[in-house]
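**Q** Got a file for you: protein-v7.pdb, PDB, C-alpha atoms and all ligand atoms.
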ATOM      1  CA  MET A   1     -32.559 165.402  -9.120  1.00  0.00           C
ATOM      2  CA  ALA A   2     -32.198 167.417  -5.955  1.00  0.00           C
ATOM      3  CA  LEU A   3     -30.033 170.513  -5.962  1.00  0.00           C
ATOM      4  CA  VAL A   4     -26.905 169.981  -3.874  1.00  0.00           C
ATOM      5  CA  ILE A   5     -25.484 173.151  -2.382  1.00  0.00           C
ATOM      6  CA  THR A   6     -22.133 172.717  -0.657  1.00  0.00           C
ATOM      7  CA  ILE A   7     -21.038 175.532   1.621  1.00  0.00           C
ATOM      8  CA  ALA A   8     -17.263 175.631   1.854  1.00  0.00           C
ATOM      9  CA  GLN A   9     -14.519 177.994   2.981  1.00  0.00           C
ATOM     10  CA  GLN A  10     -11.290 177.086   4.742  1.00  0.00           C
ATOM     11  CA  LYS A  11     -11.448 180.193   6.870  1.00  0.00           C
ATOM     12  CA  GLY A  12     -13.044 179.331  10.212  1.00  0.00           C
ATOM     13  CA  GLY A  13     -15.943 181.476  11.387  1.00  0.00           C
ATOM     14  CA  ALA A  14     -16.763 182.733   7.883  1.00  0.00           C
ATOM     15  CA  GLY A  15     -20.457 181.937   8.347  1.00  0.00           C
ATOM     16  CA  LYS A  16     -20.816 178.498   6.723  1.00  0.00           C
ATOM     17  CA  THR A  17     -22.995 176.959   9.425  1.00  0.00           C
ATOM     18  CA  MET A  18     -25.057 180.124   9.884  1.00  0.00           C
ATOM     19  CA  LEU A  19     -25.713 180.104   6.135  1.00  0.00           C
ATOM     20  CA  ALA A  20     -26.678 176.420   6.004  1.00  0.00           C
ATOM     21  CA  ALA A  21     -29.175 176.865   8.844  1.00  0.00           C
ATOM     22  CA  ASN A  22     -30.701 180.069   7.503  1.00  0.00           C
ATOM     23  CA  LEU A  23     -30.957 178.829   3.905  1.00  0.00           C
ATOM     24  CA  ALA A  24     -32.633 175.632   5.096  1.00  0.00           C
ATOM     25  CA  ALA A  25     -35.088 177.614   7.225  1.00  0.00           C
ATOM     26  CA  ALA A  26     -35.801 180.045   4.365  1.00  0.00           C
ATOM     27  CA  TRP A  27     -36.587 177.245   1.899  1.00  0.00           C
ATOM     28  CA  ALA A  28     -38.292 174.784   4.254  1.00  0.00           C
ATOM     29  CA  ALA A  29     -41.780 176.233   3.772  1.00  0.00           C
ATOM     30  CA  THR A  30     -41.699 175.730  -0.005  1.00  0.00           C
ATOM     31  CA  HIS A  31     -39.234 172.867  -0.606  1.00  0.00           C
ATOM     32  CA  ARG A  32     -38.210 169.547   0.894  1.00  0.00           C
ATOM     33  CA  VAL A  33     -34.866 170.458   2.426  1.00  0.00           C
ATOM     34  CA  ALA A  34     -32.210 168.157   3.904  1.00  0.00           C
ATOM     35  CA  LEU A  35     -29.096 169.221   5.791  1.00  0.00           C
ATOM     36  CA  LEU A  36     -25.901 167.202   5.726  1.00  0.00           C
ATOM     37  CA  ASP A  37     -23.399 168.137   8.431  1.00  0.00           C
ATOM     38  CA  ILE A  38     -19.924 166.786   7.680  1.00  0.00           C
ATOM     39  CA  ASP A  39     -18.083 169.115  10.073  1.00  0.00           C
ATOM     40  CA  PRO A  40     -16.874 167.147  13.137  1.00  0.00           C
ATOM     41  CA  GLN A  41     -17.837 170.199  15.273  1.00  0.00           C
ATOM     42  CA  ARG A  42     -21.474 169.298  14.477  1.00  0.00           C
ATOM     43  CA  SER A  43     -22.783 172.828  15.165  1.00  0.00           C
ATOM     44  CA  LEU A  44     -25.480 172.408  12.535  1.00  0.00           C
ATOM     45  CA  LYS A  45     -26.570 169.177  14.206  1.00  0.00           C
ATOM     46  CA  ARG A  46     -27.094 171.114  17.426  1.00  0.00           C
ATOM     47  CA  TRP A  47     -29.093 173.783  15.613  1.00  0.00           C
ATOM     48  CA  HIS A  48     -31.259 171.093  14.041  1.00  0.00           C
ATOM     49  CA  ALA A  49     -31.704 169.310  17.392  1.00  0.00           C
ATOM     50  CA  LEU A  50     -32.931 172.561  18.976  1.00  0.00           C
ATOM     51  CA  ARG A  51     -35.373 173.089  16.138  1.00  0.00           C
ATOM     52  CA  THR A  52     -36.721 169.567  16.435  1.00  0.00           C
ATOM     53  CA  ALA A  53     -36.848 169.496  20.244  1.00  0.00           C
ATOM     54  CA  HIS A  54     -38.959 172.652  20.330  1.00  0.00           C
ATOM     55  CA  GLY A  55     -41.044 171.739  17.278  1.00  0.00           C
ATOM     56  CA  ARG A  56     -40.121 175.083  15.714  1.00  0.00           C
ATOM     57  CA  GLY A  57     -40.579 175.998  12.050  1.00  0.00           C
ATOM     58  CA  THR A  58     -41.190 173.613   9.158  1.00  0.00           C
ATOM     59  CA  PRO A  59     -39.364 170.295   9.632  1.00  0.00           C
ATOM     60  CA  ILE A  60     -36.033 169.922   7.850  1.00  0.00           C
ATOM     61  CA  GLY A  61     -34.270 166.628   7.106  1.00  0.00           C
ATOM     62  CA  PHE A  62     -30.904 166.027   8.713  1.00  0.00           C
ATOM     63  CA  SER A  63     -27.963 163.665   8.371  1.00  0.00           C
ATOM     64  CA  ASP A  64     -24.399 163.659   9.628  1.00  0.00           C
ATOM     65  CA  VAL A  65     -23.166 160.589   7.802  1.00  0.00           C
ATOM     66  CA  SER A  66     -19.642 161.157   6.540  1.00  0.00           C
ATOM     67  CA  GLY A  67     -16.606 159.218   5.330  1.00  0.00           C
ATOM     68  CA  TRP A  68     -16.872 156.439   2.773  1.00  0.00           C
ATOM     69  CA  ARG A  69     -20.650 156.218   3.289  1.00  0.00           C
ATOM     70  CA  LEU A  70     -21.158 159.807   2.177  1.00  0.00           C
ATOM     71  CA  PRO A  71     -21.890 159.136  -1.539  1.00  0.00           C
ATOM     72  CA  THR A  72     -24.535 156.496  -0.652  1.00  0.00           C
ATOM     73  CA  GLU A  73     -26.064 158.852   1.907  1.00  0.00           C
ATOM     74  CA  LEU A  74     -26.252 161.572  -0.738  1.00  0.00           C
ATOM     75  CA  ASP A  75     -28.062 159.153  -3.068  1.00  0.00           C
ATOM     76  CA  ARG A  76     -30.583 158.461  -0.305  1.00  0.00           C
ATOM     77  CA  LEU A  77     -31.092 162.173   0.432  1.00  0.00           C
ATOM     78  CA  GLN A  78     -31.564 162.824  -3.293  1.00  0.00           C
ATOM     79  CA  ARG A  79     -34.743 160.758  -3.116  1.00  0.00           C
ATOM     80  CA  GLU A  80     -36.031 162.511   0.013  1.00  0.00           C
ATOM     81  CA  ALA A  81     -35.283 166.143  -0.703  1.00  0.00           C
ATOM     82  CA  ASP A  82     -35.493 168.831  -3.372  1.00  0.00           C
ATOM     83  CA  ILE A  83     -32.525 170.684  -1.933  1.00  0.00           C
ATOM     84  CA  ILE A  84     -29.579 169.240   0.002  1.00  0.00           C
ATOM     85  CA  LEU A  85     -27.366 171.694   1.897  1.00  0.00           C
ATOM     86  CA  ILE A  86     -23.946 170.459   2.979  1.00  0.00           C
ATOM     87  CA  ASP A  87     -22.055 172.235   5.783  1.00  0.00           C
ATOM     88  CA  THR A  88     -18.325 171.496   5.608  1.00  0.00           C
ATOM     89  CA  PRO A  89     -15.433 171.904   8.066  1.00  0.00           C
ATOM     90  CA  PRO A  90     -12.911 174.746   7.746  1.00  0.00           C
ATOM     91  CA  GLN A  91     -10.491 172.538   5.865  1.00  0.00           C
ATOM     92  CA  ILE A  92     -10.488 170.584   2.641  1.00  0.00           C
ATOM     93  CA  ASP A  93     -10.420 166.959   3.708  1.00  0.00           C
ATOM     94  CA  ALA A  94     -11.664 163.852   1.917  1.00  0.00           C
ATOM     95  CA  ASP A  95     -15.276 164.535   2.935  1.00  0.00           C
ATOM     96  CA  ALA A  96     -15.211 168.163   1.831  1.00  0.00           C
ATOM     97  CA  THR A  97     -13.777 167.010  -1.499  1.00  0.00           C
ATOM     98  CA  ARG A  98     -16.643 164.506  -1.899  1.00  0.00           C
ATOM     99  CA  ALA A  99     -19.138 167.247  -0.995  1.00  0.00           C
ATOM    100  CA  ILE A 100     -17.693 169.619  -3.585  1.00  0.00           C
ATOM    101  CA  ARG A 101     -17.697 166.862  -6.201  1.00  0.00           C
ATOM    102  CA  ALA A 102     -21.420 166.280  -5.569  1.00  0.00           C
ATOM    103  CA  ALA A 103     -22.407 169.951  -5.636  1.00  0.00           C
ATOM    104  CA  SER A 104     -24.718 171.703  -8.089  1.00  0.00           C
ATOM    105  CA  LEU A 105     -23.337 174.885  -6.538  1.00  0.00           C
ATOM    106  CA  VAL A 106     -20.408 175.569  -4.216  1.00  0.00           C
ATOM    107  CA  LEU A 107     -21.243 178.528  -2.006  1.00  0.00           C
ATOM    108  CA  ILE A 108     -18.299 180.392  -0.461  1.00  0.00           C
ATOM    109  CA  PRO A 109     -18.958 182.977   2.246  1.00  0.00           C
ATOM    110  CA  ILE A 110     -16.263 185.583   2.727  1.00  0.00           C
ATOM    111  CA  GLN A 111     -16.021 188.500   5.058  1.00  0.00           C
ATOM    112  CA  PRO A 112     -14.859 191.506   3.070  1.00  0.00           C
ATOM    113  CA  SER A 113     -11.168 191.325   3.916  1.00  0.00           C
ATOM    114  CA  PRO A 114      -8.195 189.965   1.952  1.00  0.00           C
ATOM    115  CA  PRO A 115      -7.434 186.988   4.272  1.00  0.00           C
ATOM    116  CA  ASP A 116     -10.958 185.643   3.706  1.00  0.00           C
ATOM    117  CA  LEU A 117     -10.530 185.829  -0.042  1.00  0.00           C
ATOM    118  CA  TRP A 118      -7.088 184.212   0.207  1.00  0.00           C
ATOM    119  CA  ALA A 119      -8.545 181.442   2.379  1.00  0.00           C
ATOM    120  CA  ALA A 120     -11.112 180.701  -0.343  1.00  0.00           C
ATOM    121  CA  GLU A 121      -8.343 179.850  -2.819  1.00  0.00           C
ATOM    122  CA  GLY A 122      -8.176 176.128  -2.004  1.00  0.00           C
ATOM    123  CA  THR A 123     -11.944 175.731  -2.409  1.00  0.00           C
ATOM    124  CA  LEU A 124     -11.883 177.703  -5.677  1.00  0.00           C
ATOM    125  CA  ILE A 125      -9.105 175.508  -7.079  1.00  0.00           C
ATOM    126  CA  LEU A 126     -10.884 172.298  -6.092  1.00  0.00           C
ATOM    127  CA  ALA A 127     -14.247 173.472  -7.449  1.00  0.00           C
ATOM    128  CA  ALA A 128     -12.572 174.432 -10.738  1.00  0.00           C
ATOM    129  CA  ALA A 129     -10.839 171.029 -10.937  1.00  0.00           C
ATOM    130  CA  GLU A 130     -14.216 169.335 -10.381  1.00  0.00           C
ATOM    131  CA  ARG A 131     -15.885 171.763 -12.834  1.00  0.00           C
ATOM    132  CA  ARG A 132     -18.400 172.840 -10.217  1.00  0.00           C
ATOM    133  CA  ARG A 133     -20.335 176.102 -10.341  1.00  0.00           C
ATOM    134  CA  VAL A 134     -19.213 178.548  -7.654  1.00  0.00           C
ATOM    135  CA  ALA A 135     -20.817 181.600  -6.047  1.00  0.00           C
ATOM    136  CA  LEU A 136     -19.215 183.856  -3.470  1.00  0.00           C
ATOM    137  CA  LEU A 137     -21.127 185.977  -1.046  1.00  0.00           C
ATOM    138  CA  LEU A 138     -20.102 188.747   1.283  1.00  0.00           C
ATOM    139  CA  ASN A 139     -20.943 188.088   4.918  1.00  0.00           C
ATOM    140  CA  ARG A 140     -20.684 190.594   7.774  1.00  0.00           C
ATOM    141  CA  ALA A 141     -20.276 193.244   5.128  1.00  0.00           C
ATOM    142  CA  PRO A 142     -20.648 196.956   5.902  1.00  0.00           C
ATOM    143  CA  ALA A 143     -23.158 198.690   3.610  1.00  0.00           C
ATOM    144  CA  LYS A 144     -20.284 200.583   2.025  1.00  0.00           C
ATOM    145  CA  SER A 145     -16.577 200.681   2.666  1.00  0.00           C
ATOM    146  CA  ARG A 146     -13.398 201.055   0.655  1.00  0.00           C
ATOM    147  CA  LEU A 147     -12.375 197.526   1.634  1.00  0.00           C
ATOM    148  CA  ARG A 148     -15.697 196.064   0.491  1.00  0.00           C
ATOM    149  CA  THR A 149     -15.391 197.806  -2.871  1.00  0.00           C
ATOM    150  CA  ALA A 150     -11.792 196.593  -3.255  1.00  0.00           C
ATOM    151  CA  ILE A 151     -12.802 192.976  -2.527  1.00  0.00           C
ATOM    152  CA  GLU A 152     -15.792 193.230  -4.908  1.00  0.00           C
ATOM    153  CA  ASN A 153     -13.504 194.567  -7.632  1.00  0.00           C
ATOM    154  CA  GLU A 154     -11.005 191.772  -7.086  1.00  0.00           C
ATOM    155  CA  ILE A 155     -13.735 189.101  -7.260  1.00  0.00           C
ATOM    156  CA  ASN A 156     -15.268 190.610 -10.392  1.00  0.00           C
ATOM    157  CA  GLY A 157     -11.830 191.086 -11.955  1.00  0.00           C
ATOM    158  CA  ARG A 158     -11.209 187.361 -11.571  1.00  0.00           C
ATOM    159  CA  GLN A 159     -14.493 186.575 -13.336  1.00  0.00           C
ATOM    160  CA  LEU A 160     -15.856 184.878 -10.220  1.00  0.00           C
ATOM    161  CA  HIS A 161     -19.574 185.025  -9.527  1.00  0.00           C
ATOM    162  CA  LEU A 162     -20.418 187.275  -6.579  1.00  0.00           C
ATOM    163  CA  LEU A 163     -24.031 187.109  -5.402  1.00  0.00           C
ATOM    164  CA  ALA A 164     -25.563 190.596  -5.394  1.00  0.00           C
ATOM    165  CA  PRO A 165     -27.261 190.399  -1.975  1.00  0.00           C
ATOM    166  CA  ALA A 166     -24.732 190.618   0.870  1.00  0.00           C
ATOM    167  CA  LEU A 167     -25.297 190.009   4.580  1.00  0.00           C
ATOM    168  CA  GLY A 168     -24.633 192.614   7.245  1.00  0.00           C
ATOM    169  CA  ASN A 169     -23.148 192.000  10.679  1.00  0.00           C
ATOM    170  CA  ARG A 170     -26.324 191.526  12.699  1.00  0.00           C
ATOM    171  CA  THR A 171     -27.118 189.994  16.073  1.00  0.00           C
ATOM    172  CA  ALA A 172     -30.356 188.573  14.599  1.00  0.00           C
ATOM    173  CA  TYR A 173     -28.287 185.770  13.001  1.00  0.00           C
ATOM    174  CA  ALA A 174     -26.875 184.555  16.307  1.00  0.00           C
ATOM    175  CA  GLN A 175     -30.222 185.029  18.056  1.00  0.00           C
ATOM    176  CA  ALA A 176     -32.136 182.967  15.512  1.00  0.00           C
ATOM    177  CA  PHE A 177     -29.435 180.283  15.491  1.00  0.00           C
ATOM    178  CA  ALA A 178     -29.697 179.892  19.269  1.00  0.00           C
ATOM    179  CA  GLN A 179     -33.383 179.028  18.832  1.00  0.00           C
ATOM    180  CA  GLY A 180     -32.980 176.516  16.018  1.00  0.00           C
ATOM    181  CA  MET A 181     -34.534 179.025  13.625  1.00  0.00           C
ATOM    182  CA  GLY A 182     -33.586 181.194  10.665  1.00  0.00           C
ATOM    183  CA  VAL A 183     -33.898 184.987  10.487  1.00  0.00           C
ATOM    184  CA  THR A 184     -36.597 184.744   7.815  1.00  0.00           C
ATOM    185  CA  GLU A 185     -38.660 182.942  10.463  1.00  0.00           C
ATOM    186  CA  THR A 186     -37.788 184.957  13.590  1.00  0.00           C
ATOM    187  CA  ALA A 187     -37.416 188.421  12.055  1.00  0.00           C
ATOM    188  CA  PRO A 188     -38.877 188.442   8.527  1.00  0.00           C
ATOM    189  CA  ARG A 189     -39.505 192.180   8.417  1.00  0.00           C
ATOM    190  CA  THR A 190     -36.166 193.331   9.835  1.00  0.00           C
ATOM    191  CA  ALA A 191     -33.050 194.195   7.814  1.00  0.00           C
ATOM    192  CA  ALA A 192     -31.676 190.688   8.513  1.00  0.00           C
ATOM    193  CA  GLY A 193     -34.882 188.935   7.404  1.00  0.00           C
ATOM    194  CA  VAL A 194     -35.207 191.010   4.249  1.00  0.00           C
ATOM    195  CA  GLU A 195     -31.537 190.736   3.189  1.00  0.00           C
ATOM    196  CA  PHE A 196     -31.523 187.002   3.868  1.00  0.00           C
ATOM    197  CA  ALA A 197     -34.702 186.364   1.852  1.00  0.00           C
ATOM    198  CA  ALA A 198     -33.059 188.170  -1.096  1.00  0.00           C
ATOM    199  CA  LEU A 199     -29.924 186.070  -0.677  1.00  0.00           C
ATOM    200  CA  ALA A 200     -31.872 182.786  -0.480  1.00  0.00           C
ATOM    201  CA  GLU A 201     -33.635 183.703  -3.739  1.00  0.00           C
ATOM    202  CA  ALA A 202     -30.333 184.568  -5.458  1.00  0.00           C
ATOM    203  CA  VAL A 203     -28.685 181.311  -4.319  1.00  0.00           C
ATOM    204  CA  LEU A 204     -31.561 179.240  -5.675  1.00  0.00           C
ATOM    205  CA  GLU A 205     -31.537 181.103  -8.971  1.00  0.00           C
ATOM    206  CA  THR A 206     -27.775 180.582  -9.347  1.00  0.00           C
ATOM    207  CA  ALA A 207     -27.942 176.898  -8.383  1.00  0.00           C
ATOM    208  CA  ARG A 208     -30.675 176.278 -10.966  1.00  0.00           C
ATOM    209  CA  ALA A 209     -29.086 178.312 -13.770  1.00  0.00           C
TER     210      ALA A 209
HETATM  211  N1  LIG A 301     -23.726 188.083   9.300  1.00  0.00           N
HETATM  212  C1  LIG A 301     -23.469 187.788  10.580  1.00  0.00           C
HETATM  213  N2  LIG A 301     -23.773 188.672  11.564  1.00  0.00           N
HETATM  214  C2  LIG A 301     -23.505 188.371  12.851  1.00  0.00           C
HETATM  215  N3  LIG A 301     -22.954 187.241  13.282  1.00  0.00           N
HETATM  216  C3  LIG A 301     -22.615 186.319  12.347  1.00  0.00           C
HETATM  217  C4  LIG A 301     -22.859 186.538  10.967  1.00  0.00           C
HETATM  218  N4  LIG A 301     -22.416 185.453  10.290  1.00  0.00           N
HETATM  219  C5  LIG A 301     -21.947 184.587  11.208  1.00  0.00           C
HETATM  220  N5  LIG A 301     -22.063 185.115  12.446  1.00  0.00           N
HETATM  221  C6  LIG A 301     -21.620 184.499  13.710  1.00  0.00           C
HETATM  222  O1  LIG A 301     -20.235 184.207  13.578  1.00  0.00           O
HETATM  223  C7  LIG A 301     -19.929 182.978  14.210  1.00  0.00           C
HETATM  224  C8  LIG A 301     -19.285 182.040  13.203  1.00  0.00           C
HETATM  225  O2  LIG A 301     -20.249 181.682  12.226  1.00  0.00           O
HETATM  226  P1  LIG A 301     -20.365 180.185  11.714  1.00  0.00           P
HETATM  227  O3  LIG A 301     -20.289 179.242  12.848  1.00  0.00           O
HETATM  228  O4  LIG A 301     -21.528 180.117  10.812  1.00  0.00           O
HETATM  229  O5  LIG A 301     -19.013 180.109  10.872  1.00  0.00           O
HETATM  230  P2  LIG A 301     -18.384 178.799  10.196  1.00  0.00           P
HETATM  231  O6  LIG A 301     -17.797 179.241   8.902  1.00  0.00           O
HETATM  232  O7  LIG A 301     -19.378 177.712  10.161  1.00  0.00           O
HETATM  233  O8  LIG A 301     -17.228 178.444  11.238  1.00  0.00           O
HETATM  234  P3  LIG A 301     -16.394 177.051  11.307  1.00  0.00           P
HETATM  235  O9  LIG A 301     -15.411 177.139  10.184  1.00  0.00           O
HETATM  236  O10 LIG A 301     -15.743 177.095  12.653  1.00  0.00           O
HETATM  237  O11 LIG A 301     -17.364 175.932  11.125  1.00  0.00           O
HETATM  238  C9  LIG A 301     -21.233 182.450  14.784  1.00  0.00           C
HETATM  239  O12 LIG A 301     -21.313 182.821  16.140  1.00  0.00           O
HETATM  240  C10 LIG A 301     -22.296 183.164  13.961  1.00  0.00           C
HETATM  241  O13 LIG A 301     -23.503 183.342  14.662  1.00  0.00           O
HETATM  242 MG    MG A 302     -19.333 175.776  10.866  1.00  0.00          MG
END
Hey, can you dump this file as structure tokens for me?
**A**
Amino acid sequence: MALVITIAQQKGGAGKTMLAANLAAAWAATHRVALLDIDPQRSLKRWHALRTAHGRGTPIGFSDVSGWRLPTELDRLQREADIILIDTPPQIDADATRAIRAASLVLIPIQPSPPDLWAAEGTLILAAAERRRVALLLNRAPAKSRLRTAIENEINGRQLHLLAPALGNRTAYAQAFAQGMGVTETAPRTAAGVEFAALAEAVLETARA
């Protein structure tokens, strides 16, 4: 069975699509990866189209089938891929609920500030109701700050799983995205490339645990 990793967070701009693209790019060389874009904005579709049009990086599967056909599409992707990454919209609708139900791991990016953690509440409740494994990760996090420590303490205090590698606020993410690439492909030896490779490893480990 393929691993299904659903990236969800009701807060807009938290980094869901950036994560889906970069995780897919990081794993593409070693795994059969498929992306499923169920966000009507279709930003991930555009990233994938750029990648394909320019023949960049290892090919990655892509689908944007949603609605009542979503479960059948997931069954099809299960046969084609080792890892399926689902990018969801910034709200919990019927599709996002289906995507969480199907997940081996629900990945929730949060920027280290209270509103981002509050915005994750709906996803946390749904994932718990569906008995899905959850991992949070800090995105756009400063190396050290009082706020980051406070958020980390709150997450740990609630017995939620926080991935150890965090992502900094770096232009390399936007630059790679604009080329249909991931930072592990465009800038493997920079801070972005190194931190993202560590994150990709930690996500896979958690999803397989
Ligand atoms: N760690 C980061 N460093 C710098 N820029 C980032 C980082 N993470 C995300 N961004 C940028 O922030 C913006 C929002 O990210 P993204 O589109 O991935 O968020 P999202 O959660 O998918 O948003 P939406 O809910 O609207 O779908 C993008 O321009 C992206 O390039
Ligand atoms: Mg998005």
**Q** Of the candidates A:Leu3, A:Ala8, A:Ala172, A:Ile84, which one gets nearest to Ile100 of chain A if we count all atoms listed in the file?
**A**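 Using all atoms listed in the file, Ile100 of chain A sits closest to A:Ala8.
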**Q** Written as a list of chain:residue names, what is the full residue list that the PyMOL selection byres (((chain A and resi 76) around 12) and not hetatm) yields on the file shown?
**A**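 Given this file, the PyMOL selection byres (((chain A and resi 76) around 12) and not hetatm) evaluates to A:Met1, A:Ala2, A:Ala34, A:Leu36, A:Gly61, A:Phe62, A:Ser63, A:Val65, A:Arg69, A:Leu70, A:Pro71, A:Thr72, A:Glu73, A:Leu74, A:Asp75, A:Leu77, A:Gln78, A:Arg79, A:Glu80, A:Ala81, A:Asp82, A:Ile84.
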**Q** Spell out the residues picked by the PyMOL selection byres (((not hetatm)) within 7 of (chain A and resi 302)) here, as a PyMOL selection string.
**A** chain A and resi 13+15-17+39+43+87-89
**Q** With 8 Å added on each side, what axis-aligned box encloses every listed atom of ligand LIG 301 (chain A)? Give the centre and edge lengths in Å to one decimal, as lines of an AutoDock Vina configuration file.
**A**
center_x = -19.6
center_y = 182.3
center_z = 12.5
size_x = 24.4
size_y = 28.7
size_z = 23.2
**Q** Could you jot down the atom CA of Leu19 of chain A to atom CA of Ala164 of chain A separation for me, Å, one decimal place?
**A**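 Separating atom CA of Leu19 of chain A from atom CA of Ala164 of chain A is a distance of 15.6 Å.
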**Q** Any chance you could tabulate, as a tab-separated table, the residues of chain A at most 7 Å from ligand LIG 301 (chain A) with each one's nearest atom pair and distance in Å to one decimal, using all atoms listed in the file, in chain and rising number order?
**A**
residue	atom	partner	partner_atom	distance
A:Gln9	CA	A:LIG301	O6	6.9
A:Gln10	CA	A:LIG301	O9	6.8
A:Lys11	CA	A:LIG301	O9	6.0
A:Gly12	CA	A:LIG301	O9	3.2
A:Gly13	CA	A:LIG301	O8	3.3
A:Ala14	CA	A:LIG301	O6	3.8
A:Gly15	CA	A:LIG301	O4	3.2
A:Lys16	CA	A:LIG301	O6	3.8
A:Thr17	CA	A:LIG301	O4	3.7
A:Met18	CA	A:LIG301	O4	3.6
A:Leu19	CA	A:LIG301	O4	6.3
A:Asp39	CA	A:LIG301	O11	6.9
A:Pro89	CA	A:LIG301	O11	5.4
A:Pro90	CA	A:LIG301	O9	4.2
A:Asn139	CA	A:LIG301	N1	5.2
A:Arg140	CA	A:LIG301	N1	4.2
A:Leu167	CA	A:LIG301	N1	5.3
A:Gly168	CA	A:LIG301	N1	5.1
A:Asn169	CA	A:LIG301	N2	3.5
A:Arg170	CA	A:LIG301	N2	4.0
A:Thr171	CA	A:LIG301	C2	5.1
A:Tyr173	CA	A:LIG301	C2	5.4
A:Ala174	CA	A:LIG301	O13	3.9
A:Phe177	CA	A:LIG301	O13	6.7
**Q** Check the smallest atom-to-atom distance from each of A:Ala21, A:Leu126, A:Leu117, A:Leu162 to Leu50 of chain A using all atoms listed in the file, then report the winner.
**A**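 Answer, going by the shortest atom-to-atom distance: A:Ala21.
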**Q** Within 10 Å of (-18.2, 168.1, -6.2) (file coordinates; only C-alpha atoms), which protein or nucleic acid residues are there? I'd like them as a list in words.
**A**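 Using only C-alpha atoms, the matching residues come out as Val4, Ile5, Thr6, Ala96, Thr97, Arg98, Ala99, Ile100, Arg101, Ala102, Ala103, Ser104, Leu105, Val106, Leu126, Ala127, Ala128, Ala129, Glu130, Arg131, Arg132 and Arg133 of chain A.
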**Q** Using Å and a single decimal, report how far atom CA of Ala192 of chain A sits from atom CA of Ile60 of chain A.
**A** 21.2 Å
**Q** Would you please work out which residue, of A:Gln179, A:Gln91, A:Asn22, A:Asn153, is nearest to Ala200 of chain A when using all atoms listed in the file?
**A**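 Smallest distance to Ala200 of chain A is found for A:Asn22.
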**Q** For Pro188 of chain A, which residue among A:Ala25, A:Ile125, A:Ala20, A:Ile155 is the nearest when counting only C-alpha atoms?
**A**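 Of A:Ala25, A:Ile125, A:Ala20, A:Ile155, the one nearest Pro188 of chain A, counting only C-alpha atoms, is A:Ala25.
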**Q** When you draw a straight line from atom CA of Leu147 of chain A to atom CA of Gln111 of chain A, how long is it in Å?
**A**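 We find that atom CA of Leu147 of chain A and atom CA of Gln111 of chain A lie 10.3 Å from each other.
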**Q** Can you list, as a list of chain:residue names, the residues that the PyMOL selection byres (((chain A and resi 204) around 10) and not hetatm) selects here?
**A**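 Answer for the PyMOL selection byres (((chain A and resi 204) around 10) and not hetatm): A:Leu3, A:Ile5, A:Leu23, A:Trp27, A:Ile83, A:Leu105, A:Leu199, A:Ala200, A:Glu201, A:Ala202, A:Val203, A:Glu205, A:Thr206, A:Ala207, A:Arg208, A:Ala209.
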**Q** Go ahead and write the selection's residues with C-alpha atoms as an mmCIF file, in the coordinates of the input.
**A**
data_model
loop_
_atom_site.group_PDB
_atom_site.id
_atom_site.type_symbol
_atom_site.label_atom_id
_atom_site.label_comp_id
_atom_site.auth_asym_id
_atom_site.auth_seq_id
_atom_site.Cartn_x
_atom_site.Cartn_y
_atom_site.Cartn_z
ATOM 1 C CA LEU A 3 -30.033 170.513 -5.962
ATOM 2 C CA ILE A 5 -25.484 173.151 -2.382
ATOM 3 C CA LEU A 23 -30.957 178.829 3.905
ATOM 4 C CA TRP A 27 -36.587 177.245 1.899
ATOM 5 C CA ILE A 83 -32.525 170.684 -1.933
ATOM 6 C CA LEU A 105 -23.337 174.885 -6.538
ATOM 7 C CA LEU A 199 -29.924 186.070 -0.677
ATOM 8 C CA ALA A 200 -31.872 182.786 -0.480
ATOM 9 C CA GLU A 201 -33.635 183.703 -3.739
ATOM 10 C CA ALA A 202 -30.333 184.568 -5.458
ATOM 11 C CA VAL A 203 -28.685 181.311 -4.319
ATOM 12 C CA GLU A 205 -31.537 181.103 -8.971
ATOM 13 C CA THR A 206 -27.775 180.582 -9.347
ATOM 14 C CA ALA A 207 -27.942 176.898 -8.383
ATOM 15 C CA ARG A 208 -30.675 176.278 -10.966
ATOM 16 C CA ALA A 209 -29.086 178.312 -13.770
#
**Q** With distances taken over all atoms listed in the file, which of A:Thr58, A:Asn156, A:Thr123, A:Ser66 is nearest to Asp95 of chain A?
**A**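 Closest candidate: A:Ser66.
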**Q** Which of these residues is nearest to Asp37 of chain A, using all atoms listed in the file: A:Val134, A:Pro165, A:Ile7, A:Ile86?
**A**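 For Asp37 of chain A, the nearest of the given residues is A:Ile86.
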**Q** Fewer than 2 positions away in the same chain doesn't count, so skip those; otherwise give me all residues within 12 Å of Arg51 of chain A, counting only C-alpha atoms, as a list in words.
**A**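 Once the nearby chain positions are removed, what remains is Ala21, Ala24, Ala25, Leu44, Lys45, Arg46, Trp47, His48, Ala49, Ala53, His54, Gly55, Arg56, Gly57, Thr58, Pro59, Ile60, Gly61, Phe62, Ala176, Phe177, Ala178, Gln179, Gly180, Met181, Gly182 and Glu185 of chain A.
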